[in-house]
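Structure file upload35.cif (mmCIF, C-alpha atoms) is printed below.
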data_protein
#
loop_
_atom_site.label_atom_id
_atom_site.label_comp_id
_atom_site.auth_asym_id
_atom_site.auth_seq_id
_atom_site.Cartn_x
_atom_site.Cartn_y
_atom_site.Cartn_z
CA MET A 1 -18.46 1.01 47.04
CA PRO A 2 -16.43 4.09 47.96
CA ASP A 3 -17.17 5.89 51.20
CA ALA A 4 -19.89 8.52 50.92
CA LEU A 5 -19.19 12.13 51.75
CA LEU A 6 -21.59 14.15 53.87
CA LEU A 7 -22.20 17.41 52.03
CA HIS A 8 -23.88 20.59 53.24
CA MET A 9 -25.34 23.04 50.76
CA LYS A 10 -27.99 25.70 50.64
CA VAL A 11 -30.23 24.55 47.79
CA ASN A 12 -32.88 27.05 46.68
CA GLY A 13 -32.67 28.75 50.04
CA GLU A 14 -32.95 25.63 52.16
CA ASP A 15 -30.13 24.03 54.14
CA VAL A 16 -29.57 20.54 52.82
CA GLU A 17 -27.44 17.74 54.19
CA VAL A 18 -26.84 14.94 51.74
CA ALA A 19 -24.59 11.88 51.55
CA ALA A 20 -23.09 11.05 48.16
CA PRO A 21 -20.15 9.10 46.76
CA PRO A 22 -17.12 11.40 46.27
CA HIS A 23 -17.18 11.01 42.48
CA PHE A 24 -20.81 12.17 42.14
CA THR A 25 -21.37 15.34 40.16
CA LEU A 26 -23.52 18.16 41.48
CA LEU A 27 -26.07 17.21 38.81
CA GLU A 28 -26.21 13.63 40.05
CA VAL A 29 -26.72 14.78 43.63
CA LEU A 30 -29.49 17.18 42.58
CA ARG A 31 -31.31 14.69 40.40
CA TYR A 32 -30.72 11.36 42.12
CA LYS A 33 -30.26 12.29 45.79
CA LEU A 34 -32.46 15.38 46.15
CA ASP A 35 -35.03 14.53 43.48
CA LEU A 36 -34.63 17.95 41.85
CA ILE A 37 -35.03 16.79 38.28
CA GLY A 38 -35.49 20.21 36.68
CA SER A 39 -31.78 20.38 35.83
CA LYS A 40 -31.33 18.11 32.83
CA GLN A 41 -28.67 15.54 32.06
CA GLY A 42 -28.17 16.27 28.36
CA CYS A 43 -24.73 15.59 26.89
CA ASP A 44 -23.22 15.12 30.38
CA LYS A 45 -19.90 16.47 29.11
CA GLY A 46 -20.18 20.24 29.14
CA ASP A 47 -21.36 20.88 25.60
CA CYS A 48 -25.10 21.54 25.84
CA GLY A 49 -25.76 23.67 28.95
CA ALA A 50 -28.98 21.82 29.90
CA CYS A 51 -27.55 21.11 33.38
CA THR A 52 -26.77 24.79 34.10
CA VAL A 53 -27.43 25.79 37.71
CA GLN A 54 -26.21 28.74 39.77
CA LEU A 55 -23.41 28.25 42.26
CA ASP A 56 -23.15 31.32 44.49
CA GLY A 57 -25.04 33.25 41.81
CA THR A 58 -22.82 32.27 38.87
CA ALA A 59 -24.01 30.00 36.05
CA ARG A 60 -22.18 26.68 36.21
CA LEU A 61 -22.42 23.32 34.48
CA SER A 62 -23.54 20.95 37.21
CA CYS A 63 -22.48 17.94 35.11
CA LEU A 64 -18.85 19.12 35.25
CA THR A 65 -18.89 20.17 38.89
CA LEU A 66 -18.05 17.63 41.54
CA ALA A 67 -20.70 17.72 44.25
CA ALA A 68 -17.87 17.90 46.78
CA GLN A 69 -16.74 21.15 45.16
CA ALA A 70 -20.18 22.62 45.92
CA ASP A 71 -19.92 21.74 49.62
CA GLY A 72 -20.80 24.76 51.75
CA ARG A 73 -22.04 26.75 48.75
CA LYS A 74 -25.37 28.18 47.60
CA VAL A 75 -26.99 26.26 44.77
CA ARG A 76 -29.97 27.54 42.79
CA THR A 77 -31.90 25.40 40.35
CA VAL A 78 -34.93 26.10 38.20
CA GLU A 79 -37.11 24.74 41.01
CA GLY A 80 -36.10 27.76 43.11
CA MET A 81 -37.24 30.25 40.53
CA THR A 82 -40.97 30.41 41.08
CA ALA A 83 -42.23 31.91 44.32
CA ALA A 84 -45.71 33.49 44.45
CA HIS A 85 -45.45 34.62 40.82
CA LEU A 86 -43.60 33.52 37.73
CA HIS A 87 -40.19 35.10 37.30
CA PRO A 88 -40.17 37.71 34.45
CA LEU A 89 -37.91 35.36 32.48
CA GLN A 90 -40.43 32.53 32.76
CA ASP A 91 -43.23 34.92 31.87
CA CYS A 92 -41.42 36.20 28.78
CA MET A 93 -40.35 32.71 27.68
CA ASP A 94 -44.03 31.73 27.88
CA LYS A 95 -45.27 34.82 26.04
CA GLN A 96 -42.70 34.48 23.25
CA VAL A 97 -43.26 30.70 22.97
CA ALA A 98 -39.54 30.31 23.55
CA ALA A 99 -39.82 26.68 24.70
CA GLN A 100 -40.78 23.88 22.38
CA CYS A 101 -39.67 20.53 23.74
CA GLY A 102 -38.51 22.33 26.88
CA PHE A 103 -35.45 20.20 27.61
CA CYS A 104 -33.01 23.11 27.39
CA THR A 105 -35.34 25.54 29.20
CA PRO A 106 -34.21 25.02 32.83
CA GLY A 107 -30.58 25.58 31.81
CA ILE A 108 -31.55 28.58 29.70
CA LEU A 109 -33.45 30.10 32.63
CA MET A 110 -30.57 29.58 35.06
CA ALA A 111 -27.94 30.99 32.69
CA ALA A 112 -30.13 33.94 31.68
CA GLU A 113 -31.10 34.81 35.25
CA ALA A 114 -27.45 34.79 36.40
CA TYR A 115 -26.50 36.97 33.44
CA LEU A 116 -29.32 39.49 33.79
CA THR A 117 -28.86 39.76 37.55
CA LYS A 118 -25.17 40.56 37.02
CA GLN A 119 -25.91 43.11 34.27
CA ALA A 120 -28.87 44.74 36.09
CA ARG A 121 -29.87 46.63 32.91
CA ALA A 122 -31.65 46.11 29.61
CA VAL A 123 -29.39 44.11 27.28
CA SER A 124 -29.11 43.81 23.49
CA ARG A 125 -29.73 40.77 21.28
CA ASP A 126 -26.01 40.49 20.50
CA GLU A 127 -25.11 40.53 24.18
CA VAL A 128 -27.66 37.82 24.90
CA ALA A 129 -26.34 35.70 22.02
CA GLU A 130 -22.82 35.82 23.45
CA ALA A 131 -23.88 35.29 27.07
CA MET A 132 -26.09 32.33 26.13
CA ALA A 133 -23.69 30.69 23.66
CA GLY A 134 -23.15 27.78 26.05
CA ASN A 135 -26.82 26.73 26.05
CA LEU A 136 -27.88 24.74 23.02
CA CYS A 137 -31.48 24.49 21.82
CA ARG A 138 -32.31 22.12 19.00
CA CYS A 139 -35.94 23.23 18.54
CA THR A 140 -36.43 26.97 18.44
CA GLY A 141 -33.61 28.36 16.33
CA TYR A 142 -32.91 30.71 19.27
CA VAL A 143 -34.81 33.73 17.90
CA LYS A 144 -37.65 33.49 20.40
CA ILE A 145 -35.33 32.64 23.29
CA VAL A 146 -33.27 35.76 22.59
CA ASP A 147 -36.47 37.83 22.24
CA ALA A 148 -37.69 36.55 25.61
CA ILE A 149 -34.44 37.27 27.43
CA VAL A 150 -34.17 40.78 25.96
CA GLU A 151 -37.78 41.50 26.97
CA ALA A 152 -37.22 40.11 30.47
CA SER A 153 -34.11 42.28 30.85
CA GLU A 154 -36.23 45.36 30.15
CA ILE A 155 -38.86 44.34 32.69
CA MET A 156 -36.24 43.46 35.32
CA ALA A 157 -34.35 46.75 34.74
CA ALA A 158 -37.60 48.76 35.00
CA LYS A 159 -38.43 46.99 38.28
CA GLU A 160 -34.95 47.80 39.65
CA GLN A 161 -35.49 51.49 38.89
CA GLY A 162 -39.15 51.54 39.95
CA MET B 1 -12.53 7.23 44.58
CA SER B 2 -11.94 6.90 48.27
CA GLU B 3 -10.82 10.37 49.18
CA PHE B 4 -11.59 14.00 48.32
CA LEU B 5 -8.94 16.35 49.70
CA SER B 6 -9.54 20.09 49.81
CA PRO B 7 -6.27 21.58 51.14
CA LYS B 8 -6.65 25.00 52.73
CA ASP B 9 -3.33 26.49 51.60
CA LEU B 10 -0.43 25.85 49.23
CA PRO B 11 1.86 24.00 51.71
CA ALA B 12 -1.05 21.66 52.53
CA ALA B 13 -1.72 21.14 48.81
CA LEU B 14 1.95 20.34 48.14
CA ALA B 15 2.06 17.98 51.13
CA ALA B 16 -1.06 16.20 49.82
CA ARG B 17 0.50 15.94 46.37
CA ALA B 18 3.72 14.47 47.82
CA ALA B 19 1.81 12.01 50.01
CA HIS B 20 -0.55 10.89 47.22
CA PRO B 21 1.18 10.99 43.82
CA ASP B 22 -1.67 8.84 42.40
CA TYR B 23 -4.39 11.36 43.31
CA ILE B 24 -5.56 13.70 40.58
CA PRO B 25 -5.17 17.43 41.20
CA VAL B 26 -8.37 19.11 39.96
CA ALA B 27 -9.05 22.83 39.55
CA GLY B 28 -12.21 23.81 37.64
CA GLY B 29 -12.58 20.23 36.42
CA THR B 30 -13.86 21.20 32.97
CA ASP B 31 -11.39 18.81 31.29
CA TYR B 32 -11.05 16.25 34.06
CA MET B 33 -14.78 15.75 34.57
CA VAL B 34 -15.40 15.11 30.87
CA ALA B 35 -12.64 12.48 30.76
CA SER B 36 -13.74 10.98 34.09
CA LYS B 37 -17.12 9.87 32.72
CA ASP B 38 -15.51 7.03 30.75
CA ARG B 39 -13.20 5.87 33.52
CA LEU B 40 -13.26 4.31 36.94
CA PRO B 41 -12.97 6.92 39.68
CA PRO B 42 -9.34 7.66 40.66
CA PRO B 43 -8.10 6.69 44.14
CA GLY B 44 -8.45 10.30 45.18
CA ILE B 45 -8.79 13.93 44.15
CA ILE B 46 -6.88 16.97 45.38
CA ASN B 47 -9.24 19.92 44.92
CA LEU B 48 -7.36 23.12 44.13
CA PHE B 49 -10.23 25.32 42.93
CA GLY B 50 -10.47 28.58 44.82
CA LEU B 51 -7.20 28.08 46.72
CA GLY B 52 -6.17 31.68 47.50
CA ALA B 53 -2.43 31.25 46.84
CA LEU B 54 -3.16 29.92 43.36
CA THR B 55 -5.78 32.47 42.36
CA GLY B 56 -5.58 35.98 40.94
CA VAL B 57 -3.37 38.29 38.91
CA THR B 58 -0.46 40.26 40.41
CA ASP B 59 1.96 42.77 38.87
CA LEU B 60 5.57 41.90 38.22
CA ASP B 61 8.47 44.33 38.12
CA GLY B 62 8.99 45.52 34.57
CA GLY B 63 5.31 45.50 33.57
CA GLY B 64 4.59 41.78 33.38
CA VAL B 65 2.02 39.83 35.36
CA ARG B 66 1.92 36.68 37.44
CA ILE B 67 -1.29 34.70 37.05
CA GLY B 68 -2.17 32.12 39.69
CA ALA B 69 -2.65 28.68 38.13
CA CYS B 70 -6.24 28.38 39.36
CA THR B 71 -7.34 31.75 37.99
CA THR B 72 -10.45 31.30 35.85
CA TYR B 73 -10.95 32.61 32.34
CA ALA B 74 -13.80 34.76 33.70
CA THR B 75 -11.40 36.44 36.15
CA LEU B 76 -8.87 37.05 33.37
CA LEU B 77 -11.63 38.51 31.18
CA GLY B 78 -12.49 40.99 33.93
CA ASP B 79 -8.86 42.05 34.54
CA ALA B 80 -7.87 45.43 33.05
CA ARG B 81 -4.14 44.53 32.98
CA ILE B 82 -4.82 41.49 30.82
CA ALA B 83 -7.09 43.51 28.50
CA ASN B 84 -4.59 46.36 28.15
CA THR B 85 -1.26 44.54 28.05
CA PHE B 86 -2.13 41.05 26.81
CA PRO B 87 -5.19 41.46 24.55
CA LEU B 88 -4.13 38.25 22.82
CA LEU B 89 -4.80 36.25 25.98
CA ARG B 90 -8.04 38.13 26.64
CA ASP B 91 -9.31 37.35 23.13
CA ALA B 92 -8.47 33.67 23.52
CA CYS B 93 -10.15 33.43 26.96
CA ARG B 94 -13.29 34.92 25.43
CA GLU B 95 -13.49 32.00 23.00
CA VAL B 96 -12.93 29.18 25.49
CA GLY B 97 -16.22 27.26 25.74
CA ALA B 98 -18.89 29.74 26.83
CA SER B 99 -19.70 31.66 30.02
CA GLN B 100 -20.26 28.55 32.18
CA ILE B 101 -16.90 27.02 31.19
CA GLN B 102 -15.17 30.40 31.52
CA ALA B 103 -16.47 30.70 35.10
CA ARG B 104 -14.92 27.37 36.00
CA GLY B 105 -11.99 26.56 33.70
CA THR B 106 -8.53 27.75 34.75
CA LEU B 107 -5.33 28.68 32.96
CA GLY B 108 -3.29 26.17 34.99
CA GLY B 109 -5.84 23.47 34.23
CA ASN B 110 -5.52 24.08 30.50
CA ILE B 111 -1.72 23.81 30.84
CA ALA B 112 -1.96 20.63 32.92
CA THR B 113 -4.29 18.90 30.45
CA SER B 114 -2.00 20.08 27.65
CA SER B 115 -4.34 19.08 24.86
CA PRO B 116 -3.03 20.05 21.42
CA VAL B 117 -6.33 21.96 21.05
CA GLY B 118 -6.15 23.88 24.36
CA ASP B 119 -7.31 27.39 23.44
CA SER B 120 -5.26 29.37 25.96
CA LEU B 121 -2.00 27.60 25.14
CA PRO B 122 -0.89 29.29 21.87
CA PRO B 123 -1.20 32.76 23.50
CA LEU B 124 1.01 31.65 26.39
CA LEU B 125 3.63 30.35 23.97
CA ALA B 126 3.53 33.49 21.81
CA LEU B 127 3.75 35.70 24.91
CA ASP B 128 6.88 33.88 26.18
CA ALA B 129 5.17 32.57 29.32
CA VAL B 130 7.18 31.10 32.16
CA ILE B 131 5.56 28.30 34.15
CA CYS B 132 6.15 28.32 37.91
CA VAL B 133 6.07 24.85 39.40
CA ALA B 134 6.31 23.98 43.09
CA SER B 135 6.82 20.98 45.31
CA SER B 136 7.47 20.74 49.03
CA ALA B 137 11.17 21.09 48.11
CA GLY B 138 10.71 24.52 46.51
CA GLU B 139 9.74 26.33 43.33
CA ARG B 140 11.26 26.19 39.85
CA ARG B 141 10.56 28.17 36.70
CA VAL B 142 10.44 26.72 33.20
CA ALA B 143 10.00 28.42 29.83
CA TYR B 144 6.62 27.24 28.53
CA GLU B 145 8.07 25.84 25.32
CA ASP B 146 10.37 23.55 27.35
CA PHE B 147 7.47 22.61 29.64
CA LEU B 148 5.68 20.98 26.66
CA VAL B 149 7.43 17.65 26.21
CA GLY B 150 5.01 15.57 24.12
CA TYR B 151 1.43 14.68 23.31
CA ARG B 152 -0.46 15.71 26.47
CA LYS B 153 2.84 15.48 28.35
CA ILE B 154 4.34 18.26 30.45
CA ASP B 155 7.50 18.57 32.51
CA LEU B 156 5.76 18.06 35.85
CA ALA B 157 6.89 15.55 38.48
CA ALA B 158 4.43 13.48 40.52
CA ASP B 159 5.03 15.63 43.61
CA GLU B 160 4.73 18.98 41.82
CA LEU B 161 1.89 21.41 41.10
CA ILE B 162 1.70 24.23 38.59
CA VAL B 163 1.36 27.31 40.80
CA ALA B 164 1.56 30.29 38.45
CA ILE B 165 2.14 31.56 34.95
CA GLU B 166 4.35 34.61 34.45
CA LEU B 167 4.02 36.78 31.37
CA PRO B 168 6.80 39.30 30.69
CA ALA B 169 5.74 42.71 29.37
CA PRO B 170 5.55 42.64 25.58
CA HIS B 171 7.77 44.94 23.50
CA VAL B 172 6.41 48.49 23.33
CA GLY B 173 4.20 48.78 20.26
CA ALA B 174 4.07 45.02 19.65
CA MET B 175 1.00 43.85 17.78
CA GLN B 176 -0.87 40.87 19.18
CA HIS B 177 -3.23 38.72 17.19
CA TRP B 178 -5.50 35.79 18.05
CA ARG B 179 -7.57 33.68 15.73
CA LYS B 180 -9.48 30.50 16.48
CA VAL B 181 -11.03 28.58 13.61
CA GLY B 182 -13.78 26.11 14.44
CA THR B 183 -17.30 25.18 13.47
CA ARG B 184 -18.80 27.73 15.87
CA ARG B 185 -17.30 30.48 18.00
CA ALA B 186 -18.52 29.15 21.31
CA GLN B 187 -18.25 25.60 22.66
CA SER B 188 -16.70 24.05 19.54
CA ILE B 189 -13.28 22.44 19.70
CA SER B 190 -10.80 24.31 17.51
CA LYS B 191 -9.62 23.11 14.11
CA VAL B 192 -6.69 25.54 14.07
CA MET B 193 -5.62 28.37 16.36
CA MET B 194 -2.92 30.99 15.89
CA ALA B 195 -1.47 33.40 18.43
CA ALA B 196 1.08 35.86 17.13
CA VAL B 197 3.08 38.77 18.52
CA ALA B 198 5.31 41.00 16.40
CA HIS B 199 6.86 44.43 16.32
CA LEU B 200 8.35 46.42 13.48
CA ASP B 201 11.49 48.50 13.46
CA ASP B 202 12.00 50.92 10.59
CA GLY B 203 9.36 49.15 8.48
CA ARG B 204 10.85 45.69 8.97
CA ILE B 205 9.77 42.86 11.24
CA ALA B 206 12.21 43.16 14.14
CA ASP B 207 10.77 40.24 16.07
CA ILE B 208 7.87 37.88 15.58
CA ARG B 209 6.55 34.94 17.57
CA ILE B 210 3.94 32.67 16.07
CA ALA B 211 2.32 29.85 18.08
CA LEU B 212 -0.12 27.39 16.57
CA GLY B 213 -2.61 24.98 18.08
CA ALA B 214 -4.16 21.79 16.64
CA VAL B 215 -1.46 21.38 13.98
CA ALA B 216 0.98 19.10 15.83
CA ASP B 217 1.10 16.71 18.80
CA ARG B 218 1.39 19.75 21.08
CA THR B 219 1.08 23.53 20.89
CA VAL B 220 4.07 24.67 18.81
CA ARG B 221 6.12 27.73 17.93
CA ALA B 222 6.55 28.10 14.15
CA ARG B 223 10.23 28.94 14.45
CA ALA B 224 11.26 28.40 10.81
CA THR B 225 8.35 30.61 9.74
CA GLU B 226 9.42 33.29 12.20
CA ASP B 227 13.01 33.08 10.88
CA ALA B 228 11.71 33.48 7.33
CA LEU B 229 9.96 36.69 8.34
CA ARG B 230 12.43 38.34 10.72
CA GLY B 231 14.18 41.28 9.05
CA SER B 232 11.70 41.48 6.16
CA ALA B 233 9.15 44.12 5.37
CA PRO B 234 5.63 42.71 5.88
CA SER B 235 4.91 42.15 2.17
CA GLU B 236 3.14 39.56 0.00
CA GLU B 237 6.57 38.22 -0.88
CA ALA B 238 7.52 37.77 2.79
CA ALA B 239 4.16 36.12 3.41
CA LYS B 240 4.87 33.68 0.58
CA ARG B 241 8.22 32.73 2.09
CA ALA B 242 6.49 32.28 5.43
CA ARG B 243 3.92 29.91 3.90
CA GLU B 244 6.65 27.75 2.44
CA ALA B 245 8.52 27.62 5.74
CA LEU B 246 5.30 26.77 7.58
CA ARG B 247 4.63 23.81 5.25
CA GLY B 248 7.97 22.35 6.30
CA GLU B 249 7.47 22.60 10.05
CA ILE B 250 3.91 21.71 11.06
CA THR B 251 2.35 18.26 10.92
CA PRO B 252 -1.42 18.51 11.14
CA ILE B 253 -3.47 15.33 11.03
CA ASP B 254 -6.85 14.13 9.76
CA ASP B 255 -9.32 13.59 12.58
CA LEU B 256 -13.06 13.84 13.24
CA ARG B 257 -12.96 17.63 13.32
CA SER B 258 -10.95 18.41 10.21
CA THR B 259 -8.37 17.24 7.69
CA ALA B 260 -4.61 17.74 7.54
CA GLU B 261 -4.96 19.55 4.22
CA TYR B 262 -7.57 21.98 5.55
CA ARG B 263 -5.59 22.69 8.71
CA LEU B 264 -2.42 23.35 6.74
CA GLY B 265 -4.23 25.66 4.31
CA VAL B 266 -5.92 27.58 7.13
CA ALA B 267 -2.67 27.88 9.13
CA GLU B 268 -0.97 29.31 6.04
CA ASN B 269 -3.78 31.80 5.50
CA LEU B 270 -3.73 32.88 9.16
CA VAL B 271 0.02 33.54 9.03
CA ARG B 272 -0.32 35.42 5.73
CA ARG B 273 -3.14 37.58 7.05
CA PHE B 274 -1.18 38.44 10.18
CA VAL B 275 1.93 39.38 8.19
CA LEU B 276 -0.06 41.60 5.84
CA SER B 277 -1.79 43.29 8.80
CA LEU B 278 1.52 44.48 10.26
#

Show how you would write the structure in this file as structure tokens.
Amino acid sequence: MPDALLLHMKVNGEDVEVAAPPHFTLLEVLRYKLDLIGSKQGCDKGDCGACTVQLDGTARLSCLTLAAQADGRKVRTVEGMTAAHLHPLQDCMDKQVAAQCGFCTPGILMAAEAYLTKQARAVSRDEVAEAMAGNLCRCTGYVKIVDAIVEASEIMAAKEQG
Amino acid sequence: MSEFLSPKDLPAALAARAAHPDYIPVAGGTDYMVASKDRLPPPGIINLFGLGALTGVTDLDGGGVRIGACTTYATLLGDARIANTFPLLRDACREVGASQIQARGTLGGNIATSSPVGDSLPPLLALDAVICVASSAGERRVAYEDFLVGYRKIDLAADELIVAIELPAPHVGAMQHWRKVGTRRAQSISKVMMAAVAHLDDGRIADIRIALGAVADRTVRARATEDALRGSAPSEEAAKRAREALRGEITPIDDLRSTAEYRLGVAENLVRRFVLSL
């Protein structure tokens, strides 16, 4: 067994200290060491986007990120999304019935939130399609997911201005 | 894996590389991590991601740029100099994976993996890139075409790291063209890619550089095709000569993504379309 590394991260706002073998991915640390199983292990090779989390606010594939490369960084997973109320993205995904089996949903939410936060404005369907091209969904055909993200962008932009 | 090294500066990274030639240098890890899932962990990793000396775009005298090896596609996509002077590279970066891969993958990493289907590689070849390589003994510069020595093989010694990519300013008025053909724009692995740069003089093709991906054991310049076009007006007839020359110099294969016949036909069509667009 290789020596474990002691890693320090801020996960969903909380300081976390966790020991993990040096070859562990960020996804493996989240799921198997921290019991945060919202982020999904789909293809585990960077094709599907189900493992998307935010590293310092940017959408990243946690299955292709060594946990050691996240040492000292801020990690946000879908578990960090809901405070007192649902996030507008969650609300819109629910309203539009944009989740069927739900396996891709945590990754979709993380990628969409990072994108909309960066844009800070209402976005178009085409923009969403390009920004979300790395998140595969085998159920919905994407129409409702795109609808939900566009709607959420309008709500988030209105809140910013309000 | 017994050790994870995260050197704080370039001398420390080069010292680590010299001390541990069996450790794997990793930048964004978007290639390495995929391959690592089917293998035993290596004895160690040298983490280069985010190393300041290897990151970012700087101006060169004469209008070119120097791109740090660990600069991500996302950074290149946000750089006005790349968009204005090297739109070919910008267009290719936009089609690497999708936003998550672009935020993590690096130009130097793509060069180090040197897959025949690396999306950023044909643009570098067509833009006459120079690869800057360093070891504790010093830095050397190699033309990118000479740096590619075989299937997934590059001219890099066990104590060296790729530190930067230099792109000379293209000829004034040169046209740049990128086309990736795959099953889907995002995420899919390419079937054929073409990067081309050309400029006309008095209605004739004064110079042309065509680089192709996924049609040989490495990214290649289509030199016979270029020769067939240089000095000609960009006509159907010139395009026909180019197609014939191309048939003689590329060697695509059948694999799970496509067939040799399809790749050859598409490569011919891409060259033809570029010539007729001039």

Name all residues at most 8 Å from Gly108 (chain B) (count only C-alpha atoms; drop same-chain ones fewer than 6 positions away) and give them as a count of residues only.
8

Neighbours of chain B in chain A at 12 Å, counting all atoms listed in the file, as a VMD selection string
chain A and resid 1 to 7 20 to 26 43 to 71 107 to 108 110 to 112 114 to 115 127 to 136

Write the residues of the preceding selection, restricted to C-alpha atoms, as a PDB file, keeping the file's coordinate frame.
ATOM      1  CA  MET A   1     -18.460   1.010  47.040  1.00  0.00           C
ATOM      2  CA  PRO A   2     -16.430   4.090  47.960  1.00  0.00           C
ATOM      3  CA  ASP A   3     -17.170   5.890  51.200  1.00  0.00           C
ATOM      4  CA  ALA A   4     -19.890   8.520  50.920  1.00  0.00           C
ATOM      5  CA  LEU A   5     -19.190  12.130  51.750  1.00  0.00           C
ATOM      6  CA  LEU A   6     -21.590  14.150  53.870  1.00  0.00           C
ATOM      7  CA  LEU A   7     -22.200  17.410  52.030  1.00  0.00           C
ATOM      8  CA  ALA A  20     -23.090  11.050  48.160  1.00  0.00           C
ATOM      9  CA  PRO A  21     -20.150   9.100  46.760  1.00  0.00           C
ATOM     10  CA  PRO A  22     -17.120  11.400  46.270  1.00  0.00           C
ATOM     11  CA  HIS A  23     -17.180  11.010  42.480  1.00  0.00           C
ATOM     12  CA  PHE A  24     -20.810  12.170  42.140  1.00  0.00           C
ATOM     13  CA  THR A  25     -21.370  15.340  40.160  1.00  0.00           C
ATOM     14  CA  LEU A  26     -23.520  18.160  41.480  1.00  0.00           C
ATOM     15  CA  CYS A  43     -24.730  15.590  26.890  1.00  0.00           C
ATOM     16  CA  ASP A  44     -23.220  15.120  30.380  1.00  0.00           C
ATOM     17  CA  LYS A  45     -19.900  16.470  29.110  1.00  0.00           C
ATOM     18  CA  GLY A  46     -20.180  20.240  29.140  1.00  0.00           C
ATOM     19  CA  ASP A  47     -21.360  20.880  25.600  1.00  0.00           C
ATOM     20  CA  CYS A  48     -25.100  21.540  25.840  1.00  0.00           C
ATOM     21  CA  GLY A  49     -25.760  23.670  28.950  1.00  0.00           C
ATOM     22  CA  ALA A  50     -28.980  21.820  29.900  1.00  0.00           C
ATOM     23  CA  CYS A  51     -27.550  21.110  33.380  1.00  0.00           C
ATOM     24  CA  THR A  52     -26.770  24.790  34.100  1.00  0.00           C
ATOM     25  CA  VAL A  53     -27.430  25.790  37.710  1.00  0.00           C
ATOM     26  CA  GLN A  54     -26.210  28.740  39.770  1.00  0.00           C
ATOM     27  CA  LEU A  55     -23.410  28.250  42.260  1.00  0.00           C
ATOM     28  CA  ASP A  56     -23.150  31.320  44.490  1.00  0.00           C
ATOM     29  CA  GLY A  57     -25.040  33.250  41.810  1.00  0.00           C
ATOM     30  CA  THR A  58     -22.820  32.270  38.870  1.00  0.00           C
ATOM     31  CA  ALA A  59     -24.010  30.000  36.050  1.00  0.00           C
ATOM     32  CA  ARG A  60     -22.180  26.680  36.210  1.00  0.00           C
ATOM     33  CA  LEU A  61     -22.420  23.320  34.480  1.00  0.00           C
ATOM     34  CA  SER A  62     -23.540  20.950  37.210  1.00  0.00           C
ATOM     35  CA  CYS A  63     -22.480  17.940  35.110  1.00  0.00           C
ATOM     36  CA  LEU A  64     -18.850  19.120  35.250  1.00  0.00           C
ATOM     37  CA  THR A  65     -18.890  20.170  38.890  1.00  0.00           C
ATOM     38  CA  LEU A  66     -18.050  17.630  41.540  1.00  0.00           C
ATOM     39  CA  ALA A  67     -20.700  17.720  44.250  1.00  0.00           C
ATOM     40  CA  ALA A  68     -17.870  17.900  46.780  1.00  0.00           C
ATOM     41  CA  GLN A  69     -16.740  21.150  45.160  1.00  0.00           C
ATOM     42  CA  ALA A  70     -20.180  22.620  45.920  1.00  0.00           C
ATOM     43  CA  ASP A  71     -19.920  21.740  49.620  1.00  0.00           C
ATOM     44  CA  GLY A 107     -30.580  25.580  31.810  1.00  0.00           C
ATOM     45  CA  ILE A 108     -31.550  28.580  29.700  1.00  0.00           C
ATOM     46  CA  MET A 110     -30.570  29.580  35.060  1.00  0.00           C
ATOM     47  CA  ALA A 111     -27.940  30.990  32.690  1.00  0.00           C
ATOM     48  CA  ALA A 112     -30.130  33.940  31.680  1.00  0.00           C
ATOM     49  CA  ALA A 114     -27.450  34.790  36.400  1.00  0.00           C
ATOM     50  CA  TYR A 115     -26.500  36.970  33.440  1.00  0.00           C
ATOM     51  CA  GLU A 127     -25.110  40.530  24.180  1.00  0.00           C
ATOM     52  CA  VAL A 128     -27.660  37.820  24.900  1.00  0.00           C
ATOM     53  CA  ALA A 129     -26.340  35.700  22.020  1.00  0.00           C
ATOM     54  CA  GLU A 130     -22.820  35.820  23.450  1.00  0.00           C
ATOM     55  CA  ALA A 131     -23.880  35.290  27.070  1.00  0.00           C
ATOM     56  CA  MET A 132     -26.090  32.330  26.130  1.00  0.00           C
ATOM     57  CA  ALA A 133     -23.690  30.690  23.660  1.00  0.00           C
ATOM     58  CA  GLY A 134     -23.150  27.780  26.050  1.00  0.00           C
ATOM     59  CA  ASN A 135     -26.820  26.730  26.050  1.00  0.00           C
ATOM     60  CA  LEU A 136     -27.880  24.740  23.020  1.00  0.00           C
TER      61      LEU A 136
END

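Near Val11 (chain A), within 9 Å and counting all atoms listed in the file, sit Met9, Gly13, Glu14, Asp15, Val16, Arg73, Lys74, Val75, Arg76, Thr77 and Gly80 of chain A, not including residues fewer than 2 positions from it in the same chain.
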
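Atom pair CA of Ala228 (chain B) / CA of Asp207 (chain B): separated by 11.1 Å.
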
Kindly extract all protein, DNA and RNA residues lying within 12 Å of the coordinates (-43.1, 35.2, 30.2) given in the file, considering all atoms listed in the file, and supply them as a ChimeraX atom specification.
/A:85-99,109,144-145,147-153,155-156
